[in-house]
Structures are given as structure tokens and as C-alpha cells.
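A.B. asks: What follows is coords-v4.cif; its format and atoms are mmCIF, C-alpha atoms.
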```
data_protein
#
loop_
_atom_site.label_atom_id
_atom_site.label_comp_id
_atom_site.auth_asym_id
_atom_site.auth_seq_id
_atom_site.Cartn_x
_atom_site.Cartn_y
_atom_site.Cartn_z
CA MET C 1 58.84 93.77 150.94
CA HIS C 2 56.10 93.16 153.51
CA LEU C 3 52.39 93.87 153.26
CA PRO C 4 51.48 97.25 154.78
CA LYS C 5 48.85 97.93 157.45
CA PRO C 6 45.35 97.89 155.94
CA ARG C 7 43.48 101.20 155.67
CA GLY C 8 39.93 99.82 155.83
CA ALA C 9 37.90 96.60 155.74
CA PHE C 10 38.50 96.16 152.02
CA SER C 11 42.30 96.22 152.13
CA GLU C 12 42.18 94.20 155.37
CA GLN C 13 40.23 91.37 153.74
CA LEU C 14 42.24 91.56 150.54
CA PHE C 15 45.51 91.22 152.48
CA ALA C 16 44.01 88.27 154.41
CA ALA C 17 43.24 86.60 151.06
CA LEU C 18 46.80 87.28 149.87
CA LEU C 19 48.26 85.81 153.07
CA SER C 20 46.00 82.74 153.02
CA GLY C 21 47.18 81.86 149.51
CA ASP C 22 43.52 81.16 148.69
CA PRO C 23 42.43 83.86 146.22
CA THR C 24 38.83 82.57 146.07
CA THR C 25 38.10 84.51 149.28
CA ALA C 26 38.86 87.70 147.34
CA ALA C 27 35.74 87.09 145.27
CA ARG C 28 33.59 88.07 148.28
CA LEU C 29 35.23 91.35 149.29
CA PRO C 30 33.13 94.32 150.44
CA GLY C 31 33.47 97.54 148.44
CA PRO C 32 36.34 99.85 149.47
CA GLU C 33 35.39 102.14 152.36
CA ALA C 34 37.46 105.10 151.31
CA ALA C 35 39.72 106.27 148.53
CA GLU C 36 42.79 105.41 150.60
CA ASP C 37 41.54 101.89 151.25
CA ALA C 38 41.10 101.35 147.49
CA ALA C 39 44.38 103.02 146.49
CA LEU C 40 46.46 100.99 148.94
CA ALA C 41 44.76 97.75 147.81
CA LEU C 42 45.48 98.56 144.17
CA TRP C 43 49.08 99.51 144.94
CA CYS C 44 49.58 96.11 146.60
CA LEU C 45 47.91 94.20 143.76
CA TYR C 46 50.26 95.98 141.35
CA GLU C 47 53.22 95.11 143.55
CA LEU C 48 52.59 91.44 142.69
CA SER C 49 53.77 92.39 139.15
CA TYR C 50 56.95 94.15 140.39
CA ARG C 51 58.87 92.58 143.29
CA GLY C 52 56.04 90.96 145.26
CA PHE C 53 55.73 90.44 149.02
CA GLU C 54 57.79 88.00 151.03
CA GLU C 55 54.73 86.52 152.69
CA VAL C 56 52.58 86.25 149.51
CA ASP C 57 52.71 83.39 147.00
CA ASP C 58 54.11 84.75 143.70
CA ARG C 59 51.58 82.69 141.75
CA LEU C 60 48.78 84.95 142.98
CA GLU C 61 49.88 87.64 140.49
CA TRP C 62 47.62 86.06 137.87
CA ALA C 63 44.91 84.54 140.11
CA PRO C 64 41.66 85.30 138.22
CA GLU C 65 39.84 86.44 141.38
CA LEU C 66 42.58 88.98 142.15
CA VAL C 67 42.76 90.14 138.55
CA ALA C 68 38.99 90.76 138.78
CA VAL C 69 39.43 92.84 141.95
CA ARG C 70 42.29 94.76 140.32
CA ARG C 71 40.17 95.40 137.25
CA GLY C 72 37.39 96.96 139.32
CA LEU C 73 39.84 99.24 141.12
CA GLU C 74 41.55 100.16 137.85
CA ASP C 75 38.26 101.08 136.18
CA ASP C 76 37.48 103.43 139.08
CA LEU C 77 40.93 104.98 138.89
CA GLU C 78 40.83 105.44 135.13
CA ASP C 79 37.33 106.99 135.31
CA ARG C 80 38.54 109.40 137.98
CA LEU C 81 41.66 110.39 136.02
CA ARG C 82 39.67 110.89 132.81
CA SER C 83 37.03 112.97 134.60
CA ARG C 84 39.77 115.42 135.66
CA TRP C 85 41.00 115.91 132.11
CA SER C 86 39.45 118.51 129.83
CA GLY C 87 40.66 117.01 126.56
CA ARG C 88 43.60 117.53 124.29
CA PRO C 89 44.53 121.06 123.23
CA ALA C 90 44.04 122.17 119.65
CA TYR C 91 47.31 123.12 117.97
CA ASP C 92 48.84 124.04 114.63
CA GLY C 93 52.22 122.74 113.59
CA ASP C 94 54.13 119.85 115.04
CA PHE C 95 53.35 117.78 118.09
CA ALA C 96 56.69 118.34 119.86
CA THR C 97 56.40 122.15 119.84
CA ALA C 98 52.79 121.97 121.01
CA PHE C 99 53.67 119.49 123.74
CA PHE C 100 56.55 121.53 125.19
CA ALA C 101 54.39 124.67 125.03
CA ALA C 102 51.50 122.96 126.84
CA VAL C 103 53.80 121.71 129.61
CA GLU C 104 55.27 125.21 129.93
CA ARG C 105 51.79 126.71 130.22
CA HIS C 106 50.88 124.38 133.06
CA GLU C 107 51.05 126.15 136.39
CA GLY C 108 51.19 124.15 139.54
CA PRO C 109 52.64 124.36 143.03
CA SER C 110 56.28 123.30 143.21
CA LEU C 111 57.61 121.13 146.01
CA ALA C 112 61.11 121.49 144.56
CA ARG C 113 60.98 125.27 144.90
CA PHE C 114 59.87 124.89 148.52
CA VAL C 115 62.72 122.44 149.18
CA GLN C 116 65.20 124.79 147.53
CA ARG C 117 64.16 127.82 149.56
CA SER C 118 62.68 126.96 152.90
CA ALA C 119 61.92 123.32 153.74
CA THR C 120 63.34 121.95 156.98
CA ALA C 121 65.46 118.81 156.98
CA ASP C 122 62.55 116.87 158.55
CA GLN C 123 60.20 117.99 155.78
CA VAL C 124 62.70 116.94 153.11
CA MET C 125 63.10 113.54 154.78
CA GLU C 126 59.33 113.10 154.88
CA LEU C 127 59.07 113.97 151.20
CA LEU C 128 61.91 111.63 150.21
CA GLN C 129 60.27 108.79 152.12
CA ALA C 130 57.10 109.24 150.09
CA ARG C 131 59.05 109.66 146.85
CA SER C 132 60.91 106.42 147.59
CA LEU C 133 57.81 104.45 146.70
CA TYR C 134 58.28 105.40 143.06
CA HIS C 135 61.97 106.26 142.87
CA LEU C 136 62.94 102.76 144.01
CA LYS C 137 60.92 101.54 141.00
CA GLU C 138 62.08 104.33 138.74
CA SER C 139 61.30 103.63 135.06
CA ASP C 140 59.82 100.22 135.86
CA PRO C 141 56.16 101.03 135.03
CA VAL C 142 56.95 102.38 131.55
CA ALA C 143 59.20 99.37 130.88
CA PHE C 144 55.99 97.34 130.55
CA SER C 145 55.12 99.50 127.52
CA VAL C 146 58.20 98.53 125.50
CA PRO C 147 56.85 95.45 123.66
CA ARG C 148 53.59 97.25 122.86
CA LEU C 149 55.11 99.95 120.66
CA PRO C 150 55.68 100.45 116.94
CA VAL C 151 59.30 100.18 115.77
CA ALA C 152 60.65 103.75 115.98
CA ALA C 153 59.05 104.49 119.35
CA ARG C 154 60.19 101.14 120.73
CA ALA C 155 63.83 101.70 119.73
CA ALA C 156 63.85 105.20 121.21
CA LEU C 157 62.19 104.15 124.46
CA MET C 158 64.84 101.44 124.87
CA GLU C 159 67.54 104.02 124.36
CA LEU C 160 66.03 106.13 127.14
CA GLN C 161 65.50 103.14 129.40
CA TYR C 162 69.06 101.94 128.86
CA ASP C 163 70.21 105.22 130.40
CA GLU C 164 67.65 104.98 133.25
CA TYR C 165 68.87 101.50 134.06
CA GLY C 166 72.50 102.56 134.19
CA GLY C 167 73.71 101.70 130.68
CA GLY C 168 74.83 98.26 131.84
CA ARG C 169 76.37 99.57 135.07
CA PRO C 170 74.28 98.78 138.16
CA GLU C 171 76.01 101.54 140.11
CA ARG C 172 74.47 104.07 137.71
CA LEU C 173 70.94 102.63 137.71
CA HIS C 174 68.73 105.52 138.80
CA ALA C 175 66.63 103.59 141.31
CA HIS C 176 69.86 102.35 142.87
CA LEU C 177 71.28 105.90 143.08
CA PHE C 178 68.14 106.87 145.00
CA ALA C 179 68.56 103.88 147.33
CA GLU C 180 72.13 104.99 148.03
CA GLY C 181 70.88 108.49 148.75
CA LEU C 182 68.30 107.15 151.21
CA ALA C 183 70.90 105.02 152.98
CA ALA C 184 73.30 107.99 153.20
CA LEU C 185 70.51 110.00 154.87
CA GLY C 186 70.04 107.23 157.43
CA LEU C 187 66.69 106.25 155.87
CA ASP C 188 65.53 102.73 155.09
CA ALA C 189 66.22 101.91 151.42
CA THR C 190 64.12 98.72 151.49
CA GLU C 191 61.28 98.88 148.99
CA GLY C 192 57.96 99.71 150.60
CA ALA C 193 59.63 100.67 153.90
CA TYR C 194 57.52 103.83 154.10
CA LEU C 195 54.33 102.49 152.56
CA ASP C 196 52.38 102.82 155.82
CA GLN C 197 52.85 106.58 155.99
CA THR C 198 52.46 107.25 152.26
CA PRO C 199 49.48 109.54 151.59
CA LEU C 200 46.67 108.89 149.12
CA ALA C 201 47.97 111.41 146.57
CA VAL C 202 51.28 109.54 146.27
CA LEU C 203 49.62 106.11 146.11
CA GLU C 204 47.39 107.37 143.31
CA GLN C 205 50.37 108.88 141.49
CA ASN C 206 52.10 105.48 141.61
CA ASN C 207 48.99 103.57 140.64
CA ALA C 208 48.40 105.72 137.57
CA MET C 209 51.86 104.83 136.22
CA SER C 210 51.24 101.11 136.75
CA LEU C 211 47.78 101.38 135.19
CA PHE C 212 49.20 103.04 132.07
CA GLY C 213 52.19 100.71 131.87
CA LEU C 214 50.41 97.41 132.38
CA HIS C 215 47.66 97.94 129.79
CA ARG C 216 48.63 97.80 126.12
CA ARG C 217 45.45 99.76 125.41
CA LEU C 218 46.89 102.66 127.45
CA ARG C 219 50.37 102.75 125.86
CA GLY C 220 49.72 106.30 124.63
CA ALA C 221 48.99 107.43 128.20
CA SER C 222 52.08 105.62 129.47
CA LEU C 223 54.34 107.48 127.04
CA GLY C 224 52.54 110.80 127.41
CA HIS C 225 53.03 110.48 131.16
CA LEU C 226 56.72 109.73 130.61
CA ALA C 227 57.14 112.75 128.34
CA ALA C 228 55.48 115.14 130.79
CA PHE C 229 57.46 113.68 133.68
CA GLU C 230 60.77 114.17 131.85
CA ALA C 231 59.80 117.62 130.58
CA THR C 232 59.21 118.82 134.15
CA SER C 233 62.26 117.20 135.71
CA SER C 234 65.54 119.03 135.00
CA GLY C 235 64.63 122.35 136.65
CA PRO C 236 62.93 120.83 139.73
CA CYS C 237 65.82 118.37 140.18
CA ARG C 238 68.28 121.26 140.21
CA ARG C 239 66.14 122.95 142.88
CA MET C 240 66.02 119.74 144.93
CA ALA C 241 69.82 119.46 144.70
CA ARG C 242 70.20 123.08 145.86
CA GLY C 243 67.81 122.52 148.76
CA LEU C 244 69.76 119.45 149.85
CA GLU C 245 72.94 121.50 149.62
CA ARG C 246 71.39 124.37 151.65
CA LEU C 247 70.50 121.89 154.39
CA ALA C 248 73.90 120.14 154.12
CA LEU C 249 72.15 116.81 153.63
CA ALA C 250 73.85 113.71 152.19
CA PRO C 251 75.84 114.39 149.00
CA GLU C 252 74.73 110.98 147.69
CA MET C 253 71.12 112.18 147.50
CA ARG C 254 72.25 115.43 145.93
CA ALA C 255 74.12 113.38 143.33
CA TYR C 256 70.90 111.56 142.49
CA TYR C 257 69.16 114.86 141.71
CA GLU C 258 72.17 116.32 139.90
CA GLU C 259 72.31 113.27 137.65
CA HIS C 260 68.67 113.94 136.75
CA VAL C 261 69.29 117.56 135.75
CA GLU C 262 71.47 116.36 132.90
CA ALA C 263 69.83 113.00 132.16
CA ASP C 264 66.34 114.44 131.95
CA ALA C 265 67.42 117.29 129.67
CA VAL C 266 68.21 114.47 127.23
CA HIS C 267 65.22 112.33 128.12
CA GLU C 268 62.64 115.07 127.63
CA GLN C 269 63.80 115.52 124.03
CA LEU C 270 63.84 111.76 123.46
CA ALA C 271 60.43 111.24 125.07
CA VAL C 272 58.68 114.02 123.16
CA ARG C 273 60.44 114.00 119.77
CA LEU C 274 61.68 110.44 119.33
CA ILE C 275 59.12 108.43 121.32
CA CYS C 276 55.71 110.16 121.46
CA GLN C 277 55.90 111.84 118.05
CA PRO C 278 56.75 108.62 116.15
CA LEU C 279 54.11 106.76 118.17
CA ILE C 280 51.46 109.26 117.09
CA GLU C 281 52.65 109.14 113.48
CA ALA C 282 52.47 105.34 113.41
CA GLU C 283 49.29 105.03 115.50
CA PRO C 284 47.33 108.30 115.35
CA GLU C 285 44.57 106.77 117.51
CA THR C 286 46.95 106.94 120.50
CA GLU C 287 47.31 110.74 120.45
CA ASP C 288 44.37 111.51 122.77
CA ASP C 289 45.84 109.19 125.37
CA VAL C 290 49.31 110.71 125.00
CA TRP C 291 47.80 114.04 126.06
CA PHE C 292 45.67 112.36 128.72
CA GLY C 293 48.73 110.66 130.22
CA ALA C 294 50.69 113.92 130.17
CA PHE C 295 47.86 115.81 131.87
CA SER C 296 47.51 113.09 134.51
CA CYS C 297 51.23 113.27 135.27
CA LEU C 298 51.13 117.03 135.89
CA ASP C 299 47.79 116.95 137.72
CA LEU C 300 48.79 114.10 140.05
CA GLU C 301 52.05 115.87 140.94
CA ASP C 302 50.03 119.04 141.70
CA ARG C 303 47.91 116.99 144.11
CA VAL C 304 50.99 115.60 145.84
CA ALA C 305 52.43 119.12 146.12
CA HIS C 306 49.15 120.46 147.56
CA HIS C 307 49.08 117.66 150.10
CA TYR C 308 52.53 118.44 151.47
CA LEU C 309 52.35 122.23 151.24
CA ASP C 310 48.98 122.21 153.05
CA ARG C 311 50.36 119.82 155.65
CA TRP C 312 53.36 122.06 156.24
CA GLY C 313 51.26 125.20 156.40
CA GLU C 314 52.65 126.64 153.17
CA SER C 315 50.43 128.34 150.65
CA ALA C 316 50.80 126.92 147.17
CA MET W 1 62.72 101.79 108.35
CA SER W 2 65.68 101.00 106.09
CA ARG W 3 66.90 104.59 106.24
CA PRO W 4 69.66 105.05 108.81
CA THR W 5 68.62 107.10 111.88
CA PRO W 6 70.47 110.40 112.30
CA ASP W 7 73.08 110.38 115.07
CA VAL W 8 72.87 114.13 115.47
CA VAL W 9 69.48 115.75 116.01
CA LEU W 10 69.05 119.52 116.35
CA CYS W 11 66.05 120.17 118.59
CA PRO W 12 64.24 123.40 117.65
CA GLY W 13 64.73 125.87 120.51
CA GLY W 14 66.73 123.30 122.44
CA PRO W 15 69.90 121.21 122.51
CA MET W 16 71.71 119.08 119.97
CA LEU W 17 71.21 115.38 120.60
CA LEU W 18 74.30 113.31 120.01
CA ARG W 19 74.07 109.55 119.79
CA GLY W 20 77.05 107.37 120.75
CA GLU W 21 80.43 107.96 122.31
CA HIS W 22 82.13 111.25 121.55
CA LEU W 23 84.61 113.71 122.95
CA VAL W 24 83.06 117.16 123.05
CA MET W 25 85.34 120.20 123.31
CA ASP W 26 83.81 123.16 125.15
CA ASP W 27 84.35 126.92 124.61
CA ASP W 28 87.50 126.84 126.73
CA GLY W 29 89.06 123.96 124.81
CA VAL W 30 88.34 121.43 127.58
CA GLU W 31 87.34 117.98 126.34
CA HIS W 32 84.35 116.17 127.85
CA PRO W 33 83.60 112.52 127.06
CA THR W 34 79.93 111.59 126.63
CA THR W 35 78.66 109.30 129.39
CA ARG W 36 75.23 108.14 128.16
CA PRO W 37 73.75 106.46 125.08
CA ILE W 38 72.44 109.85 123.87
CA SER W 39 73.76 113.16 125.13
CA ALA W 40 72.24 116.65 124.83
CA VAL W 41 74.75 119.37 123.98
CA CYS W 42 73.80 122.91 125.05
CA ARG W 43 73.01 125.26 122.14
CA CYS W 44 71.56 128.25 124.02
CA GLY W 45 74.80 128.95 125.86
CA LYS W 46 73.05 129.36 129.22
CA SER W 47 73.42 125.86 130.69
CA ALA W 48 75.05 125.59 134.12
CA THR W 49 76.46 122.19 133.15
CA LYS W 50 78.04 123.05 129.80
CA PRO W 51 78.77 121.54 127.41
CA TRP W 52 75.65 119.54 128.37
CA CYS W 53 72.09 120.82 128.27
CA ASP W 54 70.36 121.31 131.64
CA GLY W 55 67.00 122.50 130.31
CA THR W 56 67.76 126.21 130.86
CA HIS W 57 66.72 127.06 127.27
CA LYS W 58 63.13 126.70 128.45
CA VAL W 59 63.37 129.60 130.88
CA ILE W 60 65.02 132.12 128.57
CA PRO W 61 63.02 134.36 126.20
CA GLU W 62 61.94 132.54 123.05
CA ARG W 63 63.92 134.89 120.76
CA LEU W 64 67.14 133.90 122.54
CA ARG W 65 66.56 130.19 122.07
CA PRO W 66 68.50 128.37 119.36
#
```
Can the structure from this file be put into C-alpha cells for me?
C.D. replies:
Amino acid sequence: MHLPKPRGAFSEQLFAALLSGDPTTAARLPGPEAAEDAALALWCLYELSYRGFEEVDDRLEWAPELVAVRRGLEDDLEDRLRSRWSGRPAYDGDFATAFFAAVERHEGPSLARFVQRSATADQVMELLQARSLYHLKESDPVAFSVPRLPVAARAALMELQYDEYGGGRPERLHAHLFAEGLAALGLDATEGAYLDQTPLAVLEQNNAMSLFGLHRRLRGASLGHLAAFEATSSGPCRRMARGLERLALAPEMRAYYEEHVEADAVHEQLAVRLICQPLIEAEPETEDDVWFGAFSCLDLEDRVAHHYLDRWGESA
Amino acid sequence: MSRPTPDVVLCPGGPMLLRGEHLVMDDDGVEHPTTRPISAVCRCGKSATKPWCDGTHKVIPERLRP
């Protein structure tokens, strides 16, 4: 992957520091000019913990000056996400029932419904390019949470992840299925290929997952995010598959979404009942963050949907 | 943690989770091998991908859910 174009003086100087290999220059950065400038910078700092950039020294991942910059950006992001959340709902009975009910109650605009019914092929391609930022890293952020969990939740998360990563068969690894879908559509399946045109809402959606995954303190949010993601996946993936079929677009991409209809009907049960519930039982102090992570997942997807529906002149 | 974990889990209002490799026979007598570490078998009868769950139980009235 290559560094993207900067989106302000802050990301420009940060990228210069990354390229120079001398992280001390990052200690004198100006503040970010705009939300996009900050979000792109944070996305790239996180990338050092995934696949990295060809032109950046891998050792910079843990350079103290860059960790300090990342920390500042993460604090801003976490404050913003928490300020959008109104707190966990009160409920009687068990967590799983309350969680599924809360996700069902959530009403947001649906990009999948738009794709199913009326999106043009160009609009679908644009959406898939933006989605590629995460789907080519599918399940990677939450993988960082594995060693931070109590026994029952850890075993169940590994069972889910084993399926996400193809059950030992690379050709079934979900991120790879998405890459094959992109290639079949004539799109670039290289990671970060569409980073330059990725909007703020999508960058923030990605950054939230990395934030939750990379901090042990936020393991509850990481798993709550996972549970909400899985619990809102089967239906929308079926709609995406139908939209791709309506437009006669590559069957390989349709196969990616069809796989998720079935896989995520399993994963939502695992994530809610066998991962989050045991986590909360073993570590009750994580429950607030489970709900916070779930809310953030739904809210960030709403923002992405608003961005595209507004851009395409559709009312949400 | 010394208790064995159930290999079959009935999810209230939802599917039956089935851990491990199995052959599942559907209503028409057709056998389907499981393909993932845990599978979800449809219990509401409304799935479009039977015998597997596709999440449809969530969009049917609560009284019709298993």
C-alpha cells in the first residue's frame, strides 16, 4: 500500500515524517485543520499496525512520537463517539434478548435497500470502493481483542474468527472473497487503492474499529461493535446480493454477499449470546462499553448511508 | 470451565446452533453437509436458504418465532 494524498497541513507533515523515517519531526506537528485531515492521519497511523506502507519503515509503528500523535487523535475520536451516545438502555431479563431488541428498534437509512431497488452500477461501484477499505481488512480489527478476553468469550470469538478467516482455507477467507469480487468487477483489489476518494464518514467508521480493537481497555466496545455489525448484516447482505443481480454485476461479488447472509446469521448469535454475554458475566464492568460499541457501529453506518444518499440525491 | 460446552444451542426466537461437522436432512429428505465451525439451522421455517438460518426470523411477527 502507498501513502494517500494529504488532506491538510497536518496529514501532509505527518506523511513527511513517515517518509523521512525520522519520527522526531512528528513531535512538532500543527493541529489538524479539519476532521478529514485528522481522520486520514489516524487511519494511516493505524495502518502501521496492519499491513503498513511500502515507503514507510515498519519500525515506526511503535515510535513514541507517533504513538503520542495517535493518542491525541484517538482521544478526540473517542470523545466524539461518546458524545453521540445517550447511554445504555435499561432492560429486564437477559442481555441477548435486550440486545437483539435494541438493534431491531434502531432505525437508520439503508444503503443496501437503495442498492437492491434503484442504485445505478456506477453508484454501486463507488460504494464498493469505499467499502473496500474495511472489507479488505474484514475481521482484522476485532482480532486484536482476542488475547484480552476472559476464557468463554475468547473461545467463542476464535470460533467466529475461524469462520471469517476461511476455516483454514484461504479461498474462503472473507476479505479474500471481497478482493475477488472487486477484481471481477474490474476494480483494483489492492489495499488502500481507493483511499484518496474515501469520505470522512467511512474513514471514521474504520478508525472506530481500530480504536476499539487496539485498546484492551475498550474490549467491551470492540465486541459490542462486532455484535451490532453481525446483527445488522444478513438482511442487508441479501439486499446487496439482489441489487448486484438486478444490475447483472459480477457473480463473484454477489457470492461474497450471499456468503454473508448465511455466515452472519450464525455470527450474530455467536457474537451476542456466546461472546458478549459471557464477557459481561465475567467482567460486568465492560457492559457499558459493549452497548457503546454497538451504538457506535449503528450510528457510524447511518452517517455513511447519509453521506451517500445525500450525494446521490436520495432522501434517507 | 470444566463442564463441557453444549454442541447444540437453541436460540430463543431464532435458529439452532450446531457445532462441528454434521449432515443435516431437510424437509424434503435432502442431505446438506455443514460447511463452517458452527452452523445455524433454521427453526422458524421461513429461511430462503433452508436448512440454514438467514436471519428471516427477525422480520416475522414475534408470536411466529420459535
A.B. asks: For chain W against chain C, which residues fall within 7 Å using only C-alpha atoms, given as a PyMOL selection string?
C.D. replies: chain W and resi 36-37+39-40+52-55
A.B. asks: With the file shown as input, list the residues that the PyMOL selection byres ((chain C and resi 147) around 12) selects, as a list in words.
C.D. replies: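 Here the PyMOL selection byres ((chain C and resi 147) around 12) matches Val142, Ala143, Phe144, Ser145, Val146, Arg148, Leu149, Pro150, Val151, Ala152, Ala153, Arg154, Ala155, Leu157, Met158, Gly213, Leu214, His215, Arg216 and Arg219 of chain C.
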A.B. asks: With distances taken over all atoms listed in the file, which residue among W:Pro66, W:Thr49, W:Val30, W:Cys42 lies nearest Pro12 of chain W?
C.D. replies: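 Smallest distance to Pro12 of chain W is found for W:Pro66.
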A.B. asks: Residues picked by the PyMOL selection byres ((chain W and resi 32) around 10) here, as a PDB file with C-alpha atoms, in the frame of the given file?
C.D. replies:
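Listing of out_5.pdb after writing:
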```pdb
ATOM      1  CA  HIS W  22      82.130 111.250 121.550  1.00  0.00           C
ATOM      2  CA  LEU W  23      84.610 113.710 122.950  1.00  0.00           C
ATOM      3  CA  VAL W  24      83.060 117.160 123.050  1.00  0.00           C
ATOM      4  CA  MET W  25      85.340 120.200 123.310  1.00  0.00           C
ATOM      5  CA  ASP W  26      83.810 123.160 125.150  1.00  0.00           C
ATOM      6  CA  GLY W  29      89.060 123.960 124.810  1.00  0.00           C
ATOM      7  CA  VAL W  30      88.340 121.430 127.580  1.00  0.00           C
ATOM      8  CA  GLU W  31      87.340 117.980 126.340  1.00  0.00           C
ATOM      9  CA  PRO W  33      83.600 112.520 127.060  1.00  0.00           C
ATOM     10  CA  THR W  34      79.930 111.590 126.630  1.00  0.00           C
ATOM     11  CA  THR W  35      78.660 109.300 129.390  1.00  0.00           C
ATOM     12  CA  LYS W  50      78.040 123.050 129.800  1.00  0.00           C
ATOM     13  CA  PRO W  51      78.770 121.540 127.410  1.00  0.00           C
ATOM     14  CA  TRP W  52      75.650 119.540 128.370  1.00  0.00           C
TER      15      TRP W  52
END
```
A.B. asks: Name the residues captured by the PyMOL selection byres ((chain C and resi 77-94) around 10) when it is applied to the shown file; answer as a PyMOL selection string.
C.D. replies: chain C and resi 35+38-39+42+71-76+95-99+102+204+207-208+211-212+273+277+287-296+299-300
A.B. asks: Please produce a file of the residues just selected, as a PDB file, keeping the file's coordinate frame, where the atoms kept are C-alpha atoms.
C.D. replies:
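What ended up in selection.pdb:
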```pdb
ATOM      1  CA  ALA C  35      39.720 106.270 148.530  1.00  0.00           C
ATOM      2  CA  ALA C  38      41.100 101.350 147.490  1.00  0.00           C
ATOM      3  CA  ALA C  39      44.380 103.020 146.490  1.00  0.00           C
ATOM      4  CA  LEU C  42      45.480  98.560 144.170  1.00  0.00           C
ATOM      5  CA  ARG C  71      40.170  95.400 137.250  1.00  0.00           C
ATOM      6  CA  GLY C  72      37.390  96.960 139.320  1.00  0.00           C
ATOM      7  CA  LEU C  73      39.840  99.240 141.120  1.00  0.00           C
ATOM      8  CA  GLU C  74      41.550 100.160 137.850  1.00  0.00           C
ATOM      9  CA  ASP C  75      38.260 101.080 136.180  1.00  0.00           C
ATOM     10  CA  ASP C  76      37.480 103.430 139.080  1.00  0.00           C
ATOM     11  CA  PHE C  95      53.350 117.780 118.090  1.00  0.00           C
ATOM     12  CA  ALA C  96      56.690 118.340 119.860  1.00  0.00           C
ATOM     13  CA  THR C  97      56.400 122.150 119.840  1.00  0.00           C
ATOM     14  CA  ALA C  98      52.790 121.970 121.010  1.00  0.00           C
ATOM     15  CA  PHE C  99      53.670 119.490 123.740  1.00  0.00           C
ATOM     16  CA  ALA C 102      51.500 122.960 126.840  1.00  0.00           C
ATOM     17  CA  GLU C 204      47.390 107.370 143.310  1.00  0.00           C
ATOM     18  CA  ASN C 207      48.990 103.570 140.640  1.00  0.00           C
ATOM     19  CA  ALA C 208      48.400 105.720 137.570  1.00  0.00           C
ATOM     20  CA  LEU C 211      47.780 101.380 135.190  1.00  0.00           C
ATOM     21  CA  PHE C 212      49.200 103.040 132.070  1.00  0.00           C
ATOM     22  CA  ARG C 273      60.440 114.000 119.770  1.00  0.00           C
ATOM     23  CA  GLN C 277      55.900 111.840 118.050  1.00  0.00           C
ATOM     24  CA  GLU C 287      47.310 110.740 120.450  1.00  0.00           C
ATOM     25  CA  ASP C 288      44.370 111.510 122.770  1.00  0.00           C
ATOM     26  CA  ASP C 289      45.840 109.190 125.370  1.00  0.00           C
ATOM     27  CA  VAL C 290      49.310 110.710 125.000  1.00  0.00           C
ATOM     28  CA  TRP C 291      47.800 114.040 126.060  1.00  0.00           C
ATOM     29  CA  PHE C 292      45.670 112.360 128.720  1.00  0.00           C
ATOM     30  CA  GLY C 293      48.730 110.660 130.220  1.00  0.00           C
ATOM     31  CA  ALA C 294      50.690 113.920 130.170  1.00  0.00           C
ATOM     32  CA  PHE C 295      47.860 115.810 131.870  1.00  0.00           C
ATOM     33  CA  SER C 296      47.510 113.090 134.510  1.00  0.00           C
ATOM     34  CA  ASP C 299      47.790 116.950 137.720  1.00  0.00           C
ATOM     35  CA  LEU C 300      48.790 114.100 140.050  1.00  0.00           C
TER      36      LEU C 300
END
```
A.B. asks: What is the distance, in Å and to one decimal place, between atom CA of Gly186 of chain C and atom CA of Pro199 of chain C?
C.D. replies: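 Here the two named atoms are 21.5 Å from each other.
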A.B. asks: Taking all atoms listed in the file into account, name the residue in C:Ser210, C:Leu111, C:Glu33, C:Ala9 that is nearest to Gln123 of chain C.
C.D. replies: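 For Gln123 of chain C, the nearest of the candidates is C:Leu111.
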A.B. asks: Which residue is closest to Val59 of chain W? Choose from W:Asp28, W:Glu21, W:Val8, W:Cys44 and count all atoms listed in the file.
C.D. replies: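 Checking each candidate against Val59 of chain W, we get W:Cys44 as the closest.
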A.B. asks: Could you jot down the atom CA of Ala201 of chain C to atom CA of His307 of chain C separation for me, Å, one decimal place?
C.D. replies: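 Computed distance, atom CA of Ala201 of chain C to atom CA of His307 of chain C, equals 7.3 Å.
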A.B. asks: What is the atom CA of Arg70 of chain C-atom CA of Gly31 of chain C distance in Å, reported with one decimal?
C.D. replies: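 Between atom CA of Arg70 of chain C and atom CA of Gly31 of chain C the gap is 12.3 Å.
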A.B. asks: Since the input is missing atoms, can you rebuild all heavy atoms for segment 20-24 of chain W and write them as a PDB file, in the coordinates of the input?
C.D. replies:
```pdb
ATOM      1  N   GLY W  20      75.788 108.105 120.756  1.00  0.00           N
ATOM      2  CA  GLY W  20      77.050 107.370 120.750  1.00  0.00           C
ATOM      3  C   GLY W  20      78.134 108.028 121.574  1.00  0.00           C
ATOM      4  O   GLY W  20      77.903 109.037 122.252  1.00  0.00           O
ATOM      5  N   GLU W  21      79.316 107.454 121.506  1.00  0.00           N
ATOM      6  CA  GLU W  21      80.430 107.960 122.310  1.00  0.00           C
ATOM      7  C   GLU W  21      81.220 109.004 121.539  1.00  0.00           C
ATOM      8  O   GLU W  21      81.634 108.772 120.405  1.00  0.00           O
ATOM      9  CB  GLU W  21      81.374 106.803 122.673  1.00  0.00           C
ATOM     10  CG  GLU W  21      80.804 105.882 123.732  1.00  0.00           C
ATOM     11  CD  GLU W  21      81.789 104.807 124.154  1.00  0.00           C
ATOM     12  OE1 GLU W  21      83.011 105.036 124.039  1.00  0.00           O
ATOM     13  OE2 GLU W  21      81.321 103.742 124.573  1.00  0.00           O
ATOM     14  N   HIS W  22      81.393 110.147 122.177  1.00  0.00           N
ATOM     15  CA  HIS W  22      82.130 111.250 121.550  1.00  0.00           C
ATOM     16  C   HIS W  22      82.931 111.997 122.590  1.00  0.00           C
ATOM     17  O   HIS W  22      82.632 111.937 123.779  1.00  0.00           O
ATOM     18  CB  HIS W  22      81.166 112.233 120.874  1.00  0.00           C
ATOM     19  CG  HIS W  22      80.299 111.609 119.836  1.00  0.00           C
ATOM     20  ND1 HIS W  22      80.717 111.428 118.549  1.00  0.00           N
ATOM     21  CD2 HIS W  22      79.054 111.087 119.918  1.00  0.00           C
ATOM     22  CE1 HIS W  22      79.751 110.837 117.852  1.00  0.00           C
ATOM     23  NE2 HIS W  22      78.736 110.614 118.666  1.00  0.00           N
ATOM     24  N   LEU W  23      83.932 112.733 122.111  1.00  0.00           N
ATOM     25  CA  LEU W  23      84.610 113.710 122.950  1.00  0.00           C
ATOM     26  C   LEU W  23      84.122 115.067 122.490  1.00  0.00           C
ATOM     27  O   LEU W  23      84.225 115.399 121.311  1.00  0.00           O
ATOM     28  CB  LEU W  23      86.122 113.635 122.723  1.00  0.00           C
ATOM     29  CG  LEU W  23      86.983 112.840 123.703  1.00  0.00           C
ATOM     30  CD1 LEU W  23      88.447 113.003 123.307  1.00  0.00           C
ATOM     31  CD2 LEU W  23      86.759 113.287 125.149  1.00  0.00           C
ATOM     32  N   VAL W  24      83.577 115.843 123.412  1.00  0.00           N
ATOM     33  CA  VAL W  24      83.060 117.160 123.050  1.00  0.00           C
ATOM     34  C   VAL W  24      83.986 118.222 123.654  1.00  0.00           C
ATOM     35  O   VAL W  24      84.252 118.205 124.860  1.00  0.00           O
ATOM     36  CB  VAL W  24      81.620 117.347 123.582  1.00  0.00           C
ATOM     37  CG1 VAL W  24      81.121 118.762 123.317  1.00  0.00           C
ATOM     38  CG2 VAL W  24      80.687 116.325 122.937  1.00  0.00           C
TER      39      VAL W  24
END
```
